[in-house]
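Presented below is the structure to which this report refers.
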Amino acid sequence: MRAGPLRHRLQLQTKVKTRDPDSGQDVIQWQNHKKVWAEIVPTSSSEFIESSSTQAQISAKITIRYRPGLDSANWRGVHKGVVYKFEGPPMPDAKSGREYLLIMASTGVSDGR
């Protein structure tokens, strides 16, 4: 993939769990990690319908340059105020496996939690 399609600035955020000193309850916060160039492509309606049989409804495919250590449980992306919850493990590119990652993402009320 040429760099041209990577035209969206995606803020990668990581989940940080802290404890509220007053209540003692765990509090989940999202910490900005790094801004990366990405290609964000909304899924088609047929892909959306097919995904409805699974737990999450995939609403976008996100491609970024390869980054080690990225997983769906502790990361999310934000672009223009839209929160993208990463669904499933990022998939490496078919050629080398270390050039790009394809991330299936959902948007909505979960806020990436």
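Chain identifiers are assigned as A, B, and so on, following the order in which chains appear in the structure tokens; residues are numbered from 1 within each chain, and ligands are numbered from 1 in order of appearance.
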
Exercise for the section: Skip Lys17 in chain A itself and residues of its chain fewer than 4 positions away, then list as a VMD selection string all residues within 8 Å of it, counting only C-alpha atoms. Expected result: chain A and resid 26 to 29

(message) With only C-alpha atoms as the counted atoms, please give the residues lying no more than 6 Å from Glu87 in chain A, apart from itself and same-chain residues fewer than 3 positions off, as JSON, numbers by chain.
(response) {"A": [72, 104, 105]}

Nearest to Lys80 in chain A, restricted to only C-alpha atoms and choosing among A:Gln11, A:Ser59, A:Arg98, A:Pro42, comes out as A:Gln11

One number please: CA of Glu99 in chain A to CA of Gly77 in chain A, in Å, one decimal.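 Taking CA of Glu99 in chain A and CA of Gly77 in chain A, their separation equals 19.0 Å.
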
Exercise. Point out the residue among A:Gly97, A:Gly24, A:Gly4, A:Pro89 with the least atom-to-atom distance to Ala73 in chain A, counting only C-alpha atoms.
Key: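 Selected residue with least distance to Ala73 in chain A: A:Pro89.
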
(Q) as a VMD selection string, please: every residue in range 52-84 of chain A that DSSP puts in strand (DSSP E or B). (A) chain A and resid 60 to 65 75 to 79 82 to 84

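The smallest atom-to-atom distance between Arg7 in chain A and any of A:Gln25, A:Thr63, A:Asn32, A:Gln57, using only C-alpha atoms, is found for A:Thr63.
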